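Note: the block below is target11.cif and it holds mmCIF, C-alpha atoms.
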data_my_file
#
loop_
_atom_site.label_atom_id
_atom_site.label_comp_id
_atom_site.auth_asym_id
_atom_site.auth_seq_id
_atom_site.Cartn_x
_atom_site.Cartn_y
_atom_site.Cartn_z
CA MET A 264 -107.81 125.27 -10.78
CA LYS A 265 -105.34 125.33 -13.67
CA LYS A 266 -102.75 122.56 -13.59
CA TYR A 267 -99.12 123.25 -14.38
CA MET A 268 -96.34 120.90 -15.42
CA LYS A 269 -92.65 121.53 -15.21
CA ASN A 270 -91.20 122.55 -18.61
CA LYS A 271 -94.63 122.50 -20.25
CA ASN A 272 -96.44 125.36 -22.03
CA PHE A 273 -93.48 127.76 -21.60
CA ILE A 274 -94.26 128.23 -17.89
CA PRO A 275 -91.23 129.67 -16.02
CA GLU A 276 -89.70 127.34 -13.42
CA LYS A 277 -90.01 129.91 -10.60
CA PHE A 278 -93.74 130.31 -11.23
CA TYR A 279 -94.17 126.53 -11.38
CA ASN A 280 -92.28 126.11 -8.08
CA ARG A 281 -94.39 128.82 -6.43
CA LYS A 282 -97.60 127.12 -7.60
CA GLU A 283 -96.37 123.74 -6.32
CA LEU A 284 -95.48 125.29 -2.95
CA ASN A 285 -98.94 126.89 -2.72
CA LYS A 286 -100.54 123.61 -3.75
CA ASN A 287 -98.68 121.79 -0.97
CA LYS A 288 -99.67 124.49 1.53
CA LYS A 289 -103.32 124.20 0.45
CA GLU A 290 -103.16 120.43 0.74
CA LYS A 291 -101.71 120.74 4.25
CA ILE A 292 -104.45 123.20 5.25
CA LEU A 293 -107.10 120.86 3.83
CA LEU A 294 -105.57 117.94 5.71
CA MET A 295 -105.55 119.95 8.94
CA LEU A 296 -109.19 120.96 8.38
CA PHE A 297 -110.07 117.33 7.76
CA VAL A 298 -108.38 116.29 11.01
CA ILE A 299 -110.10 119.10 12.97
CA VAL A 300 -113.53 118.26 11.52
CA ASN A 301 -112.95 114.63 12.39
CA LEU A 302 -111.89 115.49 15.93
CA ILE A 303 -115.14 117.44 16.31
CA LEU A 304 -117.21 114.71 14.72
CA VAL A 305 -115.73 111.71 16.57
CA PRO A 306 -117.40 112.40 19.98
CA ILE A 307 -120.73 113.12 18.23
CA THR A 308 -120.43 109.91 16.21
CA THR A 309 -119.48 107.88 19.31
CA LYS A 310 -122.46 109.33 21.18
CA SER A 311 -124.77 108.47 18.28
CA ILE A 312 -123.39 104.91 18.17
CA ARG A 313 -124.00 104.55 21.93
CA GLU A 314 -127.56 105.84 21.52
CA ILE A 315 -128.20 103.38 18.69
CA LYS A 316 -126.85 100.55 20.87
CA THR A 317 -129.11 101.53 23.79
CA THR A 318 -132.14 101.73 21.49
CA THR A 319 -131.33 98.24 20.19
CA MET A 320 -131.07 96.92 23.74
CA VAL A 321 -134.41 98.50 24.67
CA SER A 322 -136.06 96.99 21.64
CA ASN A 323 -134.48 93.61 22.55
CA ASP A 324 -136.08 93.88 25.99
CA GLY A 325 -139.41 94.41 24.30
CA ILE A 326 -138.87 91.20 22.35
CA ASN A 327 -138.14 89.33 25.61
CA ASN A 328 -141.28 90.75 27.21
CA SER A 329 -143.40 89.75 24.29
CA LYS A 330 -141.85 86.29 24.56
CA SER A 331 -142.79 86.08 28.24
CA ARG A 332 -146.35 87.05 27.37
CA LYS A 333 -146.68 84.03 25.13
CA ILE A 334 -149.00 81.31 26.43
CA ASP A 335 -147.43 77.96 26.97
CA ALA A 336 -148.94 75.14 24.83
CA ASN A 337 -149.24 72.93 27.95
CA SER A 338 -151.43 75.54 29.66
CA ILE A 339 -153.73 75.62 26.63
CA ASN A 340 -154.12 71.84 26.80
CA ILE A 341 -154.93 71.96 30.52
CA TRP A 342 -157.55 74.66 30.00
CA ILE A 343 -159.14 72.70 27.15
CA GLU A 344 -159.18 69.43 29.09
CA SER A 345 -160.38 71.00 32.34
CA ILE A 346 -162.87 73.63 31.30
CA ILE A 347 -163.82 73.74 27.69
CA GLU A 348 -164.79 70.09 27.55
CA ASP A 349 -167.10 70.56 30.53
CA ASP A 350 -170.49 72.02 30.22
CA ILE A 351 -169.42 75.60 30.72
CA ASP A 352 -171.42 78.49 29.33
CA GLU A 353 -168.67 81.06 28.99
CA ALA A 354 -164.95 81.28 29.74
CA ASN A 355 -162.44 84.18 29.55
CA ILE A 356 -158.94 82.90 29.97
CA ASN A 357 -155.71 84.87 30.14
CA LYS A 358 -152.60 82.69 30.38
CA SER A 359 -152.86 81.08 33.84
CA ASN A 360 -156.09 82.63 35.10
CA GLY A 361 -159.52 83.64 33.97
CA ASP A 362 -163.20 83.54 34.75
CA VAL A 363 -165.79 80.98 33.76
CA THR A 364 -169.58 81.01 33.90
CA VAL A 365 -171.41 77.83 34.90
CA ASN A 366 -175.11 76.99 35.16
CA ASN A 367 -175.30 75.09 38.48
CA LEU A 368 -173.49 74.06 41.63
CA ALA A 369 -172.82 70.54 40.33
CA GLU A 370 -170.51 71.98 37.72
CA ILE A 371 -168.74 74.02 40.41
CA GLU A 372 -168.17 70.86 42.36
CA GLU A 373 -166.84 69.11 39.26
CA LEU A 374 -164.42 71.99 38.67
CA SER A 375 -163.24 72.07 42.26
CA SER A 376 -162.43 68.36 42.02
CA ASN A 377 -160.09 69.07 39.07
CA LYS A 378 -156.58 69.08 40.48
CA PHE A 379 -155.33 71.52 37.79
CA ILE A 380 -157.86 74.27 38.62
CA ASN A 381 -158.06 76.49 41.69
CA ILE A 382 -161.27 78.38 42.31
CA ARG A 383 -160.45 81.74 43.83
CA GLU A 384 -163.87 83.38 43.92
CA PHE A 385 -167.37 82.71 42.90
CA ASN A 386 -170.34 85.04 42.43
CA LEU A 387 -174.00 84.47 41.77
CA LYS A 388 -175.11 86.41 38.75
CA ASP A 389 -178.55 88.04 38.19
CA ASP A 390 -179.59 85.36 35.72
CA GLY A 391 -178.98 82.61 38.32
CA LYS A 392 -175.70 81.49 36.78
CA TYR A 393 -172.40 81.39 38.70
CA ASN A 394 -169.28 83.31 37.77
CA LEU A 395 -166.04 81.74 38.99
CA ILE A 396 -162.57 83.35 39.09
CA VAL A 397 -160.14 80.51 38.47
CA ASP A 398 -156.45 79.96 37.92
CA LEU A 399 -154.22 77.10 36.90
CA ASN A 400 -152.66 74.98 39.58
CA GLU A 401 -149.16 74.91 38.13
CA MET B 114 -111.97 139.27 -20.89
CA ASN B 115 -111.14 138.25 -17.35
CA LYS B 116 -107.40 138.23 -18.00
CA SER B 117 -104.76 140.78 -18.80
CA VAL B 118 -102.96 140.34 -22.09
CA VAL B 119 -99.33 141.42 -21.97
CA VAL B 120 -97.10 141.45 -25.03
CA VAL B 121 -93.59 140.61 -23.91
CA LYS B 122 -90.81 142.07 -26.03
CA LYS B 123 -87.03 142.14 -25.66
CA ASN B 124 -86.69 145.53 -23.95
CA SER B 125 -90.26 146.40 -23.04
CA PHE B 126 -93.76 145.02 -22.68
CA THR B 127 -97.12 146.26 -23.87
CA TYR B 128 -100.30 146.30 -21.83
CA ASN B 129 -103.50 148.03 -22.93
CA GLU B 130 -101.63 149.58 -25.86
CA GLU B 131 -99.19 151.24 -23.44
CA ASP B 132 -95.49 150.43 -23.59
CA TYR B 133 -93.63 149.87 -20.31
CA ASP B 134 -90.02 149.02 -19.59
CA TYR B 135 -89.18 146.19 -17.20
CA ASP B 136 -87.96 148.56 -14.48
CA SER B 137 -91.48 149.98 -14.17
CA ILE B 138 -93.12 146.63 -13.41
CA ILE B 139 -93.39 147.43 -9.67
CA GLU B 140 -95.31 150.66 -10.35
CA MET B 141 -97.75 149.17 -12.85
CA LYS B 142 -98.24 145.69 -11.32
CA HIS B 143 -101.52 146.73 -9.70
CA LEU B 144 -103.01 147.37 -13.17
CA LEU B 145 -102.67 143.72 -14.11
CA LYS B 146 -105.28 141.10 -13.33
CA SER B 147 -104.28 137.95 -11.47
CA ASN B 148 -104.89 135.94 -14.64
CA LEU B 149 -102.25 136.78 -17.23
CA LYS B 150 -101.86 135.93 -20.88
CA LEU B 151 -98.31 136.61 -21.99
CA ILE B 152 -97.39 136.74 -25.66
CA ILE B 153 -93.70 136.53 -26.47
CA LEU B 154 -92.51 138.62 -29.41
CA GLU B 155 -89.09 139.31 -30.94
CA GLU B 156 -87.65 135.95 -29.85
CA ASP B 157 -86.60 132.93 -31.92
CA LEU B 158 -88.46 129.73 -31.19
CA TYR B 159 -86.34 126.58 -31.45
CA VAL B 160 -87.41 122.97 -31.67
CA LYS B 161 -85.65 119.64 -31.34
CA GLN B 162 -87.34 116.45 -32.41
CA PHE B 163 -86.72 112.98 -30.97
CA THR B 164 -87.99 109.85 -32.64
CA ASN B 165 -87.28 107.44 -29.79
CA LYS B 166 -90.02 105.00 -28.98
CA ILE B 167 -90.85 105.78 -25.39
CA LYS B 168 -93.46 104.25 -23.17
CA ARG B 169 -96.27 106.62 -22.31
CA ASN B 170 -95.42 106.65 -18.61
CA LYS B 171 -91.74 107.42 -19.32
CA ILE B 172 -92.29 110.45 -21.59
CA TYR B 173 -92.07 113.05 -18.83
CA GLU B 174 -88.90 111.46 -17.45
CA PHE B 175 -87.38 111.40 -20.95
CA ILE B 176 -88.20 115.08 -21.54
CA GLN B 177 -86.70 116.13 -18.20
CA TYR B 178 -83.55 114.15 -18.99
CA LYS B 179 -83.23 115.70 -22.48
CA ILE B 180 -83.84 119.24 -21.21
CA ASN B 181 -81.24 118.83 -18.47
CA ASN B 182 -78.61 117.36 -20.80
CA GLU B 183 -79.16 118.65 -24.33
CA PHE B 184 -80.69 122.10 -23.97
CA PRO B 185 -79.26 125.47 -22.89
CA GLN B 186 -79.47 126.07 -19.13
CA ASN B 187 -78.94 129.76 -18.52
CA GLY B 188 -82.06 130.31 -16.41
CA ASP B 189 -83.71 132.41 -19.13
CA ILE B 190 -85.21 129.60 -21.21
CA LEU B 191 -88.84 128.46 -21.34
CA TYR B 192 -89.77 125.00 -22.57
CA ASN B 193 -92.71 123.17 -24.03
CA PHE B 194 -93.17 119.74 -25.56
CA ASP B 195 -95.53 117.93 -27.88
CA LYS B 196 -95.96 114.23 -28.41
CA ASN B 197 -96.82 112.85 -31.81
CA ASP B 198 -97.38 109.21 -32.79
CA ASN B 199 -93.69 108.41 -33.01
CA SER B 200 -91.86 111.60 -32.10
CA ILE B 201 -91.46 114.06 -29.30
CA SER B 202 -90.82 117.75 -30.03
CA ILE B 203 -89.25 119.94 -27.39
CA TYR B 204 -89.57 123.69 -27.96
CA TYR B 205 -87.60 126.39 -26.27
CA ILE B 206 -87.53 130.16 -26.31
CA LYS B 207 -85.76 132.93 -24.42
CA GLY B 208 -87.65 135.16 -21.99
CA ALA B 209 -88.05 133.24 -18.70
CA LYS B 210 -86.69 136.12 -16.57
CA ARG B 211 -89.06 138.68 -18.08
CA ILE B 212 -92.04 136.32 -17.75
CA GLU B 213 -91.05 135.56 -14.14
CA LYS B 214 -90.97 139.27 -13.32
CA LEU B 215 -94.39 139.85 -14.87
CA SER B 216 -95.99 136.82 -13.25
CA GLU B 217 -94.72 137.51 -9.73
CA ILE B 218 -98.16 138.35 -8.35
CA ALA B 219 -100.22 136.39 -10.88
CA ASN B 220 -102.32 133.40 -9.90
CA ASP B 221 -102.67 131.93 -13.35
CA ILE B 222 -100.60 132.48 -16.46
CA GLU B 223 -100.68 131.40 -20.07
CA VAL B 224 -97.50 131.90 -22.07
CA LYS B 225 -97.56 131.80 -25.87
CA PRO B 226 -94.79 132.68 -28.29
CA ILE B 227 -96.15 134.45 -31.38
CA GLN B 228 -95.05 131.46 -33.50
CA ILE B 229 -97.52 129.22 -31.63
CA ILE B 230 -100.29 131.80 -32.10
CA VAL B 231 -99.54 131.80 -35.86
CA LYS B 232 -99.66 127.98 -35.86
CA ASP B 233 -103.14 128.06 -34.28
CA VAL B 234 -104.28 130.70 -36.78
CA MET B 235 -102.98 128.74 -39.79
CA LYS B 236 -104.68 125.59 -38.55
CA LYS B 237 -107.96 127.48 -38.58
CA VAL B 238 -107.30 129.16 -41.94
CA LEU B 239 -106.27 125.94 -43.71
CA LYS B 240 -108.93 123.91 -41.86
CA CYS B 241 -106.45 121.08 -41.40
CA ASP B 242 -104.72 119.65 -38.33
CA ASP B 243 -101.55 118.38 -40.02
CA PHE B 244 -100.93 121.22 -42.45
CA ASN B 245 -97.59 122.04 -44.10
CA CYS B 246 -96.84 125.64 -44.92
CA LYS B 247 -94.47 128.55 -44.70
CA VAL B 248 -95.54 131.84 -43.22
CA LEU B 249 -93.94 135.27 -43.09
CA ILE B 250 -95.39 138.04 -40.96
CA ASN B 251 -94.25 141.42 -39.83
CA MET B 252 -95.15 142.61 -36.34
CA ASN B 253 -93.85 145.75 -34.66
CA GLY B 254 -90.97 146.00 -37.12
CA TYR B 255 -89.83 142.38 -36.78
CA TYR B 256 -90.11 139.72 -39.49
CA TYR B 257 -91.13 136.25 -38.34
CA TYR B 258 -90.53 133.38 -40.73
CA MET B 259 -92.09 130.03 -39.79
CA LEU B 260 -92.14 126.62 -41.37
CA PHE B 261 -94.86 124.23 -40.20
CA LYS B 262 -94.79 120.51 -40.90
CA GLY B 263 -97.53 118.11 -39.97
CA GLY B 264 -99.31 120.89 -38.12
CA LEU B 265 -96.29 121.54 -35.89
CA PHE B 266 -93.73 124.31 -35.78
CA ASN B 267 -90.62 122.95 -37.49
CA TYR B 268 -88.27 125.83 -38.11
CA GLY B 269 -88.23 129.61 -38.01
CA PHE B 270 -86.33 132.79 -37.41
CA VAL B 271 -86.92 136.38 -36.36
CA LYS B 272 -85.15 139.24 -38.11
CA GLU B 273 -85.46 142.98 -38.04
CA ILE B 274 -84.06 143.63 -41.51
CA LYS B 275 -85.86 142.28 -44.58
CA GLU B 276 -82.62 141.70 -46.48
CA GLU B 277 -81.51 139.33 -43.74
CA VAL B 278 -84.77 137.41 -44.19
CA MET B 279 -84.11 137.13 -47.92
CA CYS B 280 -80.53 136.02 -47.41
CA LEU B 281 -81.54 133.27 -44.99
CA LEU B 282 -84.30 132.01 -47.28
CA ILE B 283 -81.98 131.90 -50.26
CA GLU B 284 -79.24 130.26 -48.19
CA THR B 285 -81.58 127.51 -47.08
CA ASN B 286 -83.16 127.16 -50.54
CA ASP B 287 -86.49 127.75 -48.95
CA PHE B 288 -88.53 128.72 -52.03
CA GLY B 289 -92.06 127.99 -53.19
CA GLU B 290 -95.43 128.91 -51.73
CA ILE B 291 -95.33 131.21 -48.78
CA TYR B 292 -98.18 132.81 -46.85
CA VAL B 293 -97.43 136.45 -46.20
CA ASP B 294 -99.24 139.03 -44.15
CA ASN B 295 -101.04 141.84 -45.98
CA ASN B 296 -98.79 144.42 -44.39
CA ILE B 297 -95.72 143.05 -46.15
CA VAL B 298 -95.27 145.03 -49.35
CA ASP B 299 -95.24 143.23 -52.69
CA ASN B 300 -91.72 144.21 -53.64
CA LEU B 301 -90.24 142.61 -50.55
CA PHE B 302 -89.01 139.71 -52.67
CA GLY B 303 -87.62 140.55 -56.03
CA GLU B 304 -87.27 136.82 -56.63
CA ASP B 305 -89.73 134.91 -58.81
CA LYS B 306 -88.92 131.75 -56.95
CA PHE B 307 -91.49 132.62 -54.28
CA LYS B 308 -95.20 132.30 -54.75
CA LEU B 309 -96.69 134.74 -52.27
CA ILE B 310 -100.16 134.02 -50.87
CA LYS B 311 -101.54 137.13 -49.21
CA ILE B 312 -103.51 136.72 -46.04
CA ASN B 313 -104.83 139.15 -43.43
CA LEU B 314 -102.83 137.43 -40.72
CA GLY B 315 -102.31 140.50 -38.54
CA GLU B 316 -106.03 140.78 -37.85
CA LEU B 317 -106.42 137.04 -37.24
CA ILE B 318 -103.44 137.03 -34.88
CA ASN B 319 -104.90 139.93 -32.89
CA GLU B 320 -108.22 138.10 -32.65
CA LYS B 321 -106.40 135.03 -31.37
CA ILE B 322 -104.35 137.02 -28.85
CA TYR B 323 -107.25 139.05 -27.48
CA GLU B 324 -109.72 136.17 -27.87
CA LYS B 325 -112.21 138.26 -29.83
CA GLN B 326 -115.26 136.47 -31.12
CA LYS B 327 -116.27 137.13 -34.71
CA PHE B 328 -119.83 136.20 -35.60
CA TYR B 329 -119.59 136.95 -39.27
CA SER B 330 -117.81 135.20 -42.08
CA ARG B 331 -115.31 136.97 -44.26
CA LYS B 332 -112.70 136.26 -46.87
CA VAL B 333 -109.39 135.41 -45.24
CA LEU B 334 -107.25 134.67 -48.27
CA GLN B 335 -106.83 137.54 -50.76
#

Could you take the file, read its structure, and then write that structure out as structure tokens?
Amino acid sequence: MKKYMKNKNFIPEKFYNRKELNKNKKEKILLMLFVIVNLILVPITTKSIREIKTTTMVSNDGINNSKSRKIDANSINIWIESIIEDDIDEANINKSNGDVTVNNLAEIEELSSNKFINIREFNLKDDGKYNLIVDLNE
Amino acid sequence: MNKSVVVVKKNSFTYNEEDYDYDSIIEMKHLLKSNLKLIILEEDLYVKQFTNKIKRNKIYEFIQYKINNEFPQNGDILYNFDKNDNSISIYYIKGAKRIEKLSEIANDIEVKPIQIIVKDVMKKVLKCDDFNCKVLINMNGYYYYMLFKGGLFNYGFVKEIKEEVMCLLIETNDFGEIYVDNNIVDNLFGEDKFKLIKINLGELINEKIYEKQKFYSRKVLQ
């Protein structure tokens, strides 16, 4: 858009005034449009912000869950002292419970005497070994 | 060209080689484009120079003050200004009412007195920004005498009768080299005091007014 200045380039004052008036009108219309667009956009923006917040909270929950799934260092020590040091063929441990495979009844007795271990079940396997379902006595 | 060129004269105006009087503007307005180029003819251009040292941000204020206090205020005057290194030139010309009438429905306008068109043409002809020269042309029966200094319009007059032109030049002792349009006959000046340099100004002025592009070179000075 061509710019006009008062008393410049032999432009008549009336024409200059008319252009200024139109310019002001256009500016007002633009301002109104800006306000209207903003009024439309504000609820959408607020909604988006809320959604983002919720997503963040959900992801925070995930972090907490993963934290709770972590195995305590004390539990690891107990498992090592109680089971792994013994003459145990195989052990599958998940946090505070698991299953262990032992060769004979003497080892079962030894395990049952350990105050940190509870034997929940035991099964005789085909190969003559015993499979015990155990958990930590916390 | 995406604009209408209107030649504004004292009692009529010309558009597309047709002459109209100002009372017929309403009937012919629809013929004009919203972008107007208005060329003022038959009017004297005046200039006042001020050599005050003014801060850049105060120039506009200074010009408004000067126009309001030292220039005619009859509602029919158009103004322009130029800023040089150490001077400000304020130009003024009659014709505001006619231009206002013509630009009533226009969106964009460009207003140029013929003297400013001649200045632009001479700048191109002499290939110099701060040229000094005197020019005499004849357009539509009017003589336009112009003196340019430092590439700016400095002084001039418009006369219908050639004897009046002569008288004024002799009165002001304005002799020496003078660029004259081809259409001014040789015997215009019986005086030897003038050295006339002929130039096809009329054609160059028309090119400037109608913004015609020329893609060939030709001899300008005769």

Exercise. Using the chain letters and numbers from the file, which residues does the PyMOL selection byres ((chain A) within 10 of (chain B)) grab, as a ChimeraX atom specification?
Worked result: /A:264-279,281-282

Which polymer residues, whether protein, DNA or RNA, lie within 12 Å of the coordinate (-82.2, 130.8, -46.3) when you count all atoms listed in the file? List them as a compact mmCIF listing (two decimals) with C-alpha atoms, keeping the file's coordinate frame, using the chain letters and numbers from the file.
# COMPACT_ATOMS: atom_id res chain seq x y z
CA TYR B 258 -90.53 133.38 -40.73
CA MET B 259 -92.09 130.03 -39.79
CA LEU B 260 -92.14 126.62 -41.37
CA TYR B 268 -88.27 125.83 -38.11
CA GLY B 269 -88.23 129.61 -38.01
CA PHE B 270 -86.33 132.79 -37.41
CA GLU B 276 -82.62 141.70 -46.48
CA GLU B 277 -81.51 139.33 -43.74
CA VAL B 278 -84.77 137.41 -44.19
CA MET B 279 -84.11 137.13 -47.92
CA CYS B 280 -80.53 136.02 -47.41
CA LEU B 281 -81.54 133.27 -44.99
CA LEU B 282 -84.30 132.01 -47.28
CA ILE B 283 -81.98 131.90 -50.26
CA GLU B 284 -79.24 130.26 -48.19
CA THR B 285 -81.58 127.51 -47.08
CA ASN B 286 -83.16 127.16 -50.54
CA ASP B 287 -86.49 127.75 -48.95
CA PHE B 288 -88.53 128.72 -52.03

For this session: Determine the residue membership of the PyMOL selection byres ((chain B and resi 143) around 12) for the file above and supply it as number ranges by chain.
Result: B: 117, 137-142, 144-147, 215-219

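One finds CA of Ile153 (chain B) at 8.8 Å from CA of Gln228 (chain B).
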
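Atom to atom, CA of Lys275 (chain B) and CA of Ile229 (chain B) stand 21.8 Å apart.
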
Exercise. Counting all atoms listed in the file, what is within 12 Å of Glu372 (chain A), bar same-chain residues fewer than 6 positions away, as a ChimeraX atom specification?
Worked result: /A:349,365-366,378,380-382,385,393,395

Dump C-alpha atoms for the selected residues as a PDB file, in the coordinates of the input?
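Here's the written file result.pdb:
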ATOM      1  CA  ASP A 349    -167.100  70.560  30.530  1.00  0.00           C
ATOM      2  CA  VAL A 365    -171.410  77.830  34.900  1.00  0.00           C
ATOM      3  CA  ASN A 366    -175.110  76.990  35.160  1.00  0.00           C
ATOM      4  CA  LYS A 378    -156.580  69.080  40.480  1.00  0.00           C
ATOM      5  CA  ILE A 380    -157.860  74.270  38.620  1.00  0.00           C
ATOM      6  CA  ASN A 381    -158.060  76.490  41.690  1.00  0.00           C
ATOM      7  CA  ILE A 382    -161.270  78.380  42.310  1.00  0.00           C
ATOM      8  CA  PHE A 385    -167.370  82.710  42.900  1.00  0.00           C
ATOM      9  CA  TYR A 393    -172.400  81.390  38.700  1.00  0.00           C
ATOM     10  CA  LEU A 395    -166.040  81.740  38.990  1.00  0.00           C
TER      11      LEU A 395
END

Exercise. On this structure, which residues satisfy the PyMOL selection byres ((chain B and resi 168) around 12), written as a ChimeraX atom specification?
Worked result: /B:165-167,169-175,196,198-201

Selection: 8 Å around Met252 (chain B), all atoms listed in the file, excl. self and same-chain fewer than 4 positions, as an mmCIF file with C-alpha atoms, in the frame of the given file:
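Below is the file that was written, out.cif:
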data_model
loop_
_atom_site.group_PDB
_atom_site.id
_atom_site.type_symbol
_atom_site.label_atom_id
_atom_site.label_comp_id
_atom_site.auth_asym_id
_atom_site.auth_seq_id
_atom_site.Cartn_x
_atom_site.Cartn_y
_atom_site.Cartn_z
ATOM 1 C CA TYR B 256 -90.110 139.720 -39.490
ATOM 2 C CA TYR B 257 -91.130 136.250 -38.340
ATOM 3 C CA GLY B 315 -102.310 140.500 -38.540
#

For this session: Take CA of Glu273 (chain B) and CA of Val238 (chain B) and report the distance between them in Å, one decimal.
Result: 26.1 Å

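Taking all atoms listed in the file into account, Ile343 (chain A) lies nearest to A:Leu399 out of the set A:Leu399, A:Val300, A:Ile371, A:Leu284.
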
Within 9 Å of Leu309 (chain B), counting only C-alpha atoms, which residues qualify if same-chain residues fewer than 3 places away don't, as a PDB file with C-alpha atoms, in the frame of the given file?
ATOM      1  CA  GLY B 289     -92.060 127.990 -53.190  1.00  0.00           C
ATOM      2  CA  GLU B 290     -95.430 128.910 -51.730  1.00  0.00           C
ATOM      3  CA  ILE B 291     -95.330 131.210 -48.780  1.00  0.00           C
ATOM      4  CA  TYR B 292     -98.180 132.810 -46.850  1.00  0.00           C
ATOM      5  CA  VAL B 293     -97.430 136.450 -46.200  1.00  0.00           C
ATOM      6  CA  ASP B 299     -95.240 143.230 -52.690  1.00  0.00           C
TER       7      ASP B 299
END

Test item: axis-aligned box, all listed atoms of region 121-133 of chain B, 5 Å on each side, centre and edges in Å rounded to one decimal, as AutoDock Vina command-line options:
--center_x -95.1 --center_y 145.9 --center_z -23.2 --size_x 26.8 --size_y 20.6 --size_z 15.7

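Excluding Val363 (chain A) and any residue on its chain fewer than 2 positions from it, the residues at most 9 Å away by all atoms listed in the file are Ile346, Ile351, Asp352, Glu353, Ala354, Asn355, Ile356, Gly361, Val365, Tyr393, Asn394, Leu395, Ile396 and Val397 of chain A.
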
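Neighbours of region 120-122 of chain B closer than or equal to 8 Å, with all atoms listed in the file counted and sequence neighbours fewer than 2 positions away skipped, come out as B:Val118, B:Asn124, B:Ser125, B:Phe126, B:Thr127, B:Tyr128, B:Leu151, B:Ile152, B:Ile153, B:Leu154, B:Glu155, B:Glu156, B:Arg211, B:Ile212.
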
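Nearest to Asn386 (chain A) of all the residues A:Asp362, A:Asp398, A:Glu370, A:Glu344 is A:Asp362, counting all atoms listed in the file.
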